$ cat coords.cif   # mmCIF, C-alpha atoms
data_target
loop_
_atom_site.label_atom_id
_atom_site.label_comp_id
_atom_site.auth_asym_id
_atom_site.auth_seq_id
_atom_site.Cartn_x
_atom_site.Cartn_y
_atom_site.Cartn_z
CA MET Y 225 63.80 78.48 -66.69
CA LYS Y 226 63.85 74.72 -67.14
CA SER Y 227 64.24 73.49 -70.70
CA TYR Y 228 63.12 70.25 -72.33
CA ILE Y 229 64.59 69.60 -75.79
CA TYR Y 230 63.37 66.86 -78.11
CA GLN Y 231 64.45 65.69 -81.53
CA THR Y 232 61.26 66.48 -83.43
CA SER Y 233 58.24 68.74 -83.13
CA MET Y 234 55.94 65.74 -82.65
CA GLU Y 235 58.07 64.38 -79.82
CA THR Y 236 58.03 67.82 -78.21
CA ALA Y 237 54.25 68.14 -78.41
CA ARG Y 238 53.77 64.60 -77.12
CA ALA Y 239 56.12 65.22 -74.20
CA LEU Y 240 54.23 68.36 -73.23
CA ILE Y 241 50.90 66.53 -73.21
CA GLU Y 242 52.38 63.84 -70.99
CA HIS Y 243 53.83 66.55 -68.75
CA LEU Y 244 50.38 68.12 -68.27
CA LEU Y 245 48.78 64.75 -67.64
CA ALA Y 246 51.43 63.93 -65.03
CA MET Y 247 50.68 67.22 -63.27
CA MET Y 248 47.02 66.30 -63.03
CA ASP Y 249 47.81 62.74 -61.96
CA ASN Y 250 49.96 64.04 -59.09
CA GLU Y 251 47.00 66.01 -57.70
CA GLN Y 252 44.01 63.80 -58.41
CA ASP Y 253 41.59 65.73 -56.21
CA LYS Y 254 42.31 69.05 -57.87
CA THR Y 255 40.60 70.90 -60.71
CA PHE Y 256 43.13 72.44 -63.10
CA TYR Y 257 42.73 75.79 -64.80
CA PHE Y 258 44.54 75.98 -68.15
CA ALA Y 259 44.95 78.91 -70.54
CA PHE Y 260 45.92 77.87 -74.06
CA SER Y 261 47.50 79.96 -76.80
CA GLY Y 262 46.57 79.81 -80.46
CA GLY Y 263 48.67 79.56 -83.58
CA SER Y 264 50.09 76.69 -85.58
CA THR Y 265 52.32 75.24 -82.86
CA PRO Y 266 49.60 74.17 -80.38
CA SER Y 267 47.53 72.84 -83.30
CA LEU Y 268 49.99 69.96 -83.60
CA MET Y 269 49.60 69.29 -79.88
CA PHE Y 270 45.79 69.32 -80.16
CA GLU Y 271 45.81 66.76 -82.97
CA ILE Y 272 48.12 64.40 -81.10
CA TRP Y 273 46.08 64.83 -77.91
CA ALA Y 274 42.85 63.88 -79.68
CA HIS Y 275 44.33 60.81 -81.36
CA GLU Y 276 46.61 59.44 -78.64
CA TYR Y 277 45.60 60.72 -75.20
CA LYS Y 278 41.87 61.40 -75.14
CA GLU Y 279 41.10 58.21 -73.22
CA VAL Y 280 43.60 58.91 -70.43
CA THR Y 281 42.83 62.61 -69.93
CA PRO Y 282 40.64 63.61 -66.94
CA TRP Y 283 38.58 66.11 -68.93
CA GLU Y 284 36.13 66.65 -66.07
CA ARG Y 285 38.99 68.10 -63.96
CA MET Y 286 40.05 70.61 -66.61
CA ARG Y 287 38.82 74.16 -67.12
CA ILE Y 288 39.93 75.57 -70.45
CA TYR Y 289 40.52 79.25 -71.19
CA TRP Y 290 42.42 81.13 -73.87
CA VAL Y 291 45.54 83.27 -73.69
CA ASP Y 292 44.67 85.23 -76.80
CA GLU Y 293 42.26 85.37 -79.69
CA ARG Y 294 41.96 86.99 -83.08
CA CYS Y 295 38.95 89.24 -83.49
CA VAL Y 296 37.12 86.91 -85.86
CA PRO Y 297 34.04 84.67 -85.48
CA ALA Y 298 34.54 81.19 -84.06
CA GLU Y 299 33.72 79.73 -87.48
CA SER Y 300 36.79 81.38 -89.01
CA TYR Y 301 39.87 79.26 -89.56
CA GLU Y 302 41.81 82.09 -87.92
CA SER Y 303 39.94 81.61 -84.63
CA ASN Y 304 42.03 80.05 -81.88
CA TYR Y 305 38.90 78.74 -80.19
CA GLY Y 306 37.55 77.37 -83.47
CA THR Y 307 40.84 75.62 -84.18
CA MET Y 308 40.90 73.91 -80.79
CA CYS Y 309 37.28 72.86 -81.25
CA ARG Y 310 37.94 71.29 -84.66
CA LEU Y 311 41.14 69.52 -83.68
CA LEU Y 312 40.44 68.50 -80.08
CA LEU Y 313 37.32 69.55 -78.20
CA THR Y 314 34.77 68.03 -80.61
CA LYS Y 315 36.67 64.73 -80.54
CA VAL Y 316 36.77 64.22 -76.77
CA GLU Y 317 34.31 64.12 -73.90
CA MET Y 318 35.00 67.61 -72.61
CA PRO Y 319 31.97 69.10 -70.82
CA VAL Y 320 31.03 72.23 -72.73
CA GLU Y 321 30.39 74.13 -69.50
CA TYR Y 322 34.08 73.79 -68.63
CA VAL Y 323 35.22 75.62 -71.77
CA TYR Y 324 35.47 79.42 -71.66
CA PRO Y 325 36.23 80.91 -75.09
CA ILE Y 326 37.01 84.47 -75.98
CA ASN Y 327 34.29 85.71 -78.34
CA GLY Y 328 36.27 87.14 -81.23
CA ALA Y 329 33.11 88.37 -82.94
CA ASN Y 330 32.37 90.89 -80.20
CA ARG Y 331 33.65 94.45 -80.21
CA PRO Y 332 37.29 94.16 -79.10
CA LYS Y 333 37.27 96.54 -76.13
CA GLU Y 334 33.97 95.20 -74.84
CA GLU Y 335 35.17 91.61 -75.21
CA ALA Y 336 38.45 92.30 -73.42
CA LYS Y 337 36.46 93.71 -70.53
CA ARG Y 338 33.90 90.88 -70.58
CA TYR Y 339 36.53 88.15 -70.68
CA SER Y 340 38.54 89.81 -67.94
CA SER Y 341 35.44 89.75 -65.73
CA LEU Y 342 34.70 86.14 -66.67
CA VAL Y 343 38.19 84.99 -65.76
CA CYS Y 344 38.14 86.94 -62.50
CA SER Y 345 34.83 85.33 -61.51
CA THR Y 346 35.62 81.72 -62.47
CA VAL Y 347 39.36 81.20 -61.91
CA PRO Y 348 40.60 80.99 -58.29
CA VAL Y 349 41.91 84.33 -57.08
CA GLU Y 350 44.93 84.67 -54.83
CA GLU Y 351 45.63 88.15 -53.51
CA GLU Y 352 44.65 90.40 -56.44
CA PHE Y 353 44.58 88.23 -59.56
CA PRO Y 354 43.19 84.95 -60.88
CA VAL Y 355 45.76 82.16 -60.78
CA PHE Y 356 45.91 79.70 -63.66
CA ASP Y 357 47.64 76.40 -62.99
CA VAL Y 358 49.28 76.59 -66.41
CA VAL Y 359 49.49 79.36 -68.97
CA LEU Y 360 50.67 77.78 -72.20
CA LEU Y 361 52.47 80.29 -74.39
CA GLY Y 362 53.95 80.21 -77.84
CA ALA Y 363 56.34 82.68 -79.44
CA GLY Y 364 56.46 84.21 -82.88
CA SER Y 365 59.65 84.54 -84.89
CA ASP Y 366 59.60 88.24 -83.97
CA GLY Y 367 59.50 87.40 -80.26
CA HIS Y 368 55.83 88.14 -79.63
CA THR Y 369 53.77 86.08 -77.21
CA SER Y 370 50.11 86.22 -76.15
CA SER Y 371 49.49 88.54 -79.13
CA ILE Y 372 51.77 91.07 -77.43
CA PHE Y 373 54.12 92.21 -80.17
CA PRO Y 374 57.44 94.04 -79.91
CA GLY Y 375 56.63 97.66 -79.12
CA GLN Y 376 53.58 96.66 -77.05
CA GLU Y 377 55.52 95.76 -73.92
CA TYR Y 378 53.29 98.08 -71.89
CA LEU Y 379 50.75 95.22 -71.95
CA LEU Y 380 53.17 93.17 -69.86
CA THR Y 381 52.69 95.61 -66.97
CA SER Y 382 48.95 96.15 -67.38
CA PHE Y 383 46.65 95.46 -64.45
CA HIS Y 384 43.73 94.67 -66.78
CA PRO Y 385 43.71 90.88 -67.25
CA TYR Y 386 42.94 91.12 -70.97
CA GLU Y 387 43.42 94.01 -73.36
CA VAL Y 388 43.17 94.74 -77.05
CA SER Y 389 46.38 94.42 -79.05
CA VAL Y 390 47.03 95.11 -82.73
CA ASN Y 391 48.98 92.89 -85.07
CA PRO Y 392 51.48 95.37 -86.54
CA TYR Y 393 51.79 93.43 -89.80
CA ASN Y 394 48.13 93.41 -90.86
CA LYS Y 395 46.67 95.95 -88.36
CA ARG Y 396 44.07 93.46 -87.16
CA LYS Y 397 42.96 93.58 -83.55
CA ARG Y 398 43.33 90.75 -81.05
CA ILE Y 399 42.44 90.07 -77.44
CA ALA Y 400 45.55 89.39 -75.36
CA MET Y 401 46.25 88.14 -71.86
CA THR Y 402 48.44 90.71 -70.11
CA GLY Y 403 51.32 90.44 -67.71
CA CYS Y 404 49.26 90.49 -64.53
CA LEU Y 405 47.79 87.07 -65.32
CA MET Y 406 50.92 85.57 -66.79
CA PHE Y 407 53.05 86.49 -63.81
CA ALA Y 408 50.38 85.31 -61.35
CA ALA Y 409 50.18 81.81 -62.88
CA ARG Y 410 51.49 78.80 -60.99
CA LYS Y 411 53.46 77.84 -64.08
CA ILE Y 412 54.16 79.24 -67.53
CA ILE Y 413 55.03 76.74 -70.22
CA PHE Y 414 56.41 77.85 -73.57
CA LEU Y 415 55.96 75.53 -76.55
CA VAL Y 416 58.31 76.81 -79.24
CA ILE Y 417 59.32 74.62 -82.18
CA GLY Y 418 60.86 75.02 -85.63
CA ARG Y 419 64.00 76.45 -87.17
CA ASP Y 420 62.39 79.87 -87.68
CA LYS Y 421 62.11 80.20 -83.88
CA ALA Y 422 65.81 79.53 -83.18
CA ASN Y 423 66.71 83.16 -82.54
CA VAL Y 424 63.74 83.58 -80.22
CA VAL Y 425 64.69 80.49 -78.21
CA TYR Y 426 68.27 81.76 -78.00
CA ASP Y 427 67.06 85.11 -76.65
CA MET Y 428 64.83 83.39 -74.12
CA LEU Y 429 67.73 81.29 -72.87
CA HIS Y 430 70.78 83.49 -73.25
CA SER Y 431 70.00 87.09 -74.17
CA GLY Y 432 68.36 90.07 -72.54
CA ASP Y 433 64.73 91.17 -72.53
CA THR Y 434 64.76 91.47 -76.31
CA GLY Y 435 61.04 90.98 -76.82
CA PRO Y 436 57.82 90.05 -75.02
CA ALA Y 437 58.54 86.28 -75.00
CA ALA Y 438 62.05 86.73 -73.63
CA TYR Y 439 60.81 89.20 -71.03
CA VAL Y 440 58.19 86.75 -69.73
CA ALA Y 441 60.71 83.89 -69.77
CA HIS Y 442 63.15 85.91 -67.69
CA HIS Y 443 60.77 87.49 -65.19
CA ALA Y 444 58.04 84.93 -64.46
CA GLU Y 445 58.57 82.91 -61.31
CA CYS Y 446 58.12 79.40 -62.73
CA VAL Y 447 58.83 78.91 -66.44
CA GLU Y 448 59.39 75.81 -68.52
CA LEU Y 449 60.36 75.61 -72.18
CA PHE Y 450 59.45 72.71 -74.45
CA THR Y 451 61.31 72.94 -77.73
CA ASP Y 452 62.81 70.84 -80.51
CA GLU Y 453 66.37 70.58 -81.79
CA GLN Y 454 65.66 72.79 -84.80
CA ALA Y 455 64.71 75.67 -82.52
CA TYR Y 456 67.27 74.97 -79.83
CA PHE Y 457 70.40 74.66 -82.00
CA ARG Y 458 70.73 77.68 -84.22
#

$ encode --input "coords.cif" --output "C-alpha cells"
Amino acid sequence: MKSYIYQTSMETARALIEHLLAMMDNEQDKTFYFAFSGGSTPSLMFEIWAHEYKEVTPWERMRIYWVDERCVPAESYESNYGTMCRLLLTKVEMPVEYVYPINGANRPKEEAKRYSSLVCSTVPVEEEFPVFDVVLLGAGSDGHTSSIFPGQEYLLTSFHPYEVSVNPYNKRKRIAMTGCLMFAARKIIFLVIGRDKANVVYDMLHSGDTGPAAYVAHHAECVELFTDEQAYFR
C-alpha cells in the first residue's frame, strides 16, 4: 500500500482530488468509473472540489456510483447521495445520466439486488465482476469500511456485488459494496483523516487483519492511502 501523508485534512482532500484529476488527464480518451463512499470525510473533499476544481474536471468522462448508502430517502441529511448532491453535483455541470445513486428509500434487500444488477450492466466487466477504476473508501474509528462493520467480515467474501449490512450501534440497515467489487477494482483509495482514526491507520499500515478496513488494505491488489498527520502519527 502506498501512503500519502499531508499536514492538514484540507491538504489531504485537495491532494486526492488532484490525484484523481491527474489519472483522468493521463488517459484522456477514457471514461472513468468511480465509486464514492459517504460519511463526513468525503464531504470535505466534495466542498473543495466544487469550489476549487469544478472548472478543470472532465465531468463528461466520469461515471459516478456509490460504495454504500444508508437506508434513508435522498432528501435526508444522512443520505450519502443527498450529501454529494448538495455539496458537489448541483454545483457543477455533471450530466445527470452519468450519476447512479443507490435508492435508500427502497426496501433494503430489493435495492441491494437492483443496484447490483445496475452496476453489472453499466460498469465494464472483466472476467466475472464489474471493474471500477477507483473505489474510494473511508474508515470508521472502529475499523469499518463500506458499511461493513467488525463482525460482518463475511461480506468481504460475498459474490453478490451489494448486500444489506446493519449498523451495530443503532441497528439501522445500509446497502454495502462487498469484497467482490472492491477486490476487482483497478485501484482502491482510502481517505482517512483525523486523530480519532489514528489507530485504524496504524492497523492498516502495521498490524494484522484487525478489521474490515485493514483487511481490504492488506489484501487488495492496488491500494493507496491518503491521510493527514493527525491520523498518521498516533

$ residues_around --input "coords.cif" --residues "range 399-405 of chain Y" --least-positions-apart "4" --cutoff "9 Å" --atoms "all atoms listed in the file" --output "number ranges by chain"
Y: 290-295, 326, 328, 332-333, 335-336, 340, 353-356, 359, 370-372, 378-390, 409, 440

$ residues_around --input "coords.cif" --residues "Thr236 in chain Y" --least-positions-apart "4" --cutoff "7 Å" --atoms "only C-alpha atoms" --output "list in words"
Tyr230, Thr232, Leu240, Phe450, Thr451 and Asp452 of chain Y

$ resolve_selection --input "coords.cif" --expression "the PyMOL selection byres ((chain Y and resi 242-250) around 9)" --output "count of residues only"
18

$ closest_residue --input "coords.cif" --among "Y:Met406, Y:Ile272, Y:Ile412, Y:Ile288" --to "Glu321 in chain Y" --atoms "all atoms listed in the file"
Y:Ile288

$ closest_residue --input "coords.cif" --among "Y:Glu445, Y:Asp427, Y:Glu302, Y:Glu350" --to "Arg398 in chain Y" --atoms "only C-alpha atoms"
Y:Glu302

$ residues_around --input "coords.cif" --residues "Leu342 in chain Y" --least-positions-apart "5" --cutoff "9 Å" --atoms "all atoms listed in the file" --output "NGL selection string"
:Y and (324 or 337 or 347)

$ closest_residue --input "coords.cif" --among "Y:Gly263, Y:Tyr439, Y:Pro348, Y:Arg331" --to "Gly306 in chain Y" --atoms "only C-alpha atoms"
Y:Gly263

$ closest_residue --input "coords.cif" --among "Y:Arg396, Y:Leu313, Y:Val447, Y:Glu453" --to "Ile417 in chain Y" --atoms "only C-alpha atoms"
Y:Glu453

$ decode --input "coords.cif" --residues "range 383-396 of chain Y" --atoms "N, CA and C atoms" --output "mmCIF file, in the first residue's frame"
data_model
loop_
_atom_site.group_PDB
_atom_site.id
_atom_site.type_symbol
_atom_site.label_atom_id
_atom_site.label_comp_id
_atom_site.auth_asym_id
_atom_site.auth_seq_id
_atom_site.Cartn_x
_atom_site.Cartn_y
_atom_site.Cartn_z
ATOM 1 N N PHE Y 383 -20.093 -12.925 -3.065
ATOM 2 C CA PHE Y 383 -20.078 -12.810 -4.514
ATOM 3 C C PHE Y 383 -21.272 -12.010 -5.032
ATOM 4 N N HIS Y 384 -22.071 -11.448 -4.125
ATOM 5 C CA HIS Y 384 -23.120 -10.508 -4.501
ATOM 6 C C HIS Y 384 -22.519 -9.104 -4.429
ATOM 7 N N PRO Y 385 -22.549 -8.340 -5.511
ATOM 8 C CA PRO Y 385 -21.856 -7.047 -5.513
ATOM 9 C C PRO Y 385 -22.256 -6.117 -4.373
ATOM 10 N N TYR Y 386 -23.537 -6.078 -4.057
ATOM 11 C CA TYR Y 386 -24.020 -5.262 -2.943
ATOM 12 C C TYR Y 386 -24.925 -6.107 -2.053
ATOM 13 N N GLU Y 387 -24.808 -5.888 -0.759
ATOM 14 C CA GLU Y 387 -25.645 -6.596 0.199
ATOM 15 C C GLU Y 387 -26.102 -5.640 1.293
ATOM 16 N N VAL Y 388 -27.052 -6.104 2.066
ATOM 17 C CA VAL Y 388 -27.547 -5.326 3.202
ATOM 18 C C VAL Y 388 -26.637 -5.557 4.396
ATOM 19 N N SER Y 389 -26.231 -4.476 5.035
ATOM 20 C CA SER Y 389 -25.500 -4.565 6.301
ATOM 21 C C SER Y 389 -26.316 -3.849 7.372
ATOM 22 N N VAL Y 390 -25.916 -4.038 8.612
ATOM 23 C CA VAL Y 390 -26.620 -3.412 9.735
ATOM 24 C C VAL Y 390 -25.608 -2.690 10.607
ATOM 25 N N ASN Y 391 -25.857 -1.418 10.835
ATOM 26 C CA ASN Y 391 -25.030 -0.664 11.771
ATOM 27 C C ASN Y 391 -25.253 -1.226 13.169
ATOM 28 N N PRO Y 392 -24.228 -1.789 13.802
ATOM 29 C CA PRO Y 392 -24.446 -2.438 15.100
ATOM 30 C C PRO Y 392 -24.746 -1.461 16.229
ATOM 31 N N TYR Y 393 -24.503 -0.180 16.017
ATOM 32 C CA TYR Y 393 -24.687 0.804 17.087
ATOM 33 C C TYR Y 393 -26.113 1.345 17.146
ATOM 34 N N ASN Y 394 -26.766 1.451 15.990
ATOM 35 C CA ASN Y 394 -28.156 1.934 16.007
ATOM 36 C C ASN Y 394 -29.127 0.973 15.328
ATOM 37 N N LYS Y 395 -28.605 -0.171 14.841
ATOM 38 C CA LYS Y 395 -29.402 -1.243 14.224
ATOM 39 C C LYS Y 395 -30.060 -0.831 12.913
ATOM 40 N N ARG Y 396 -29.606 0.270 12.318
ATOM 41 C CA ARG Y 396 -30.174 0.691 11.048
ATOM 42 C C ARG Y 396 -29.482 -0.014 9.881
#
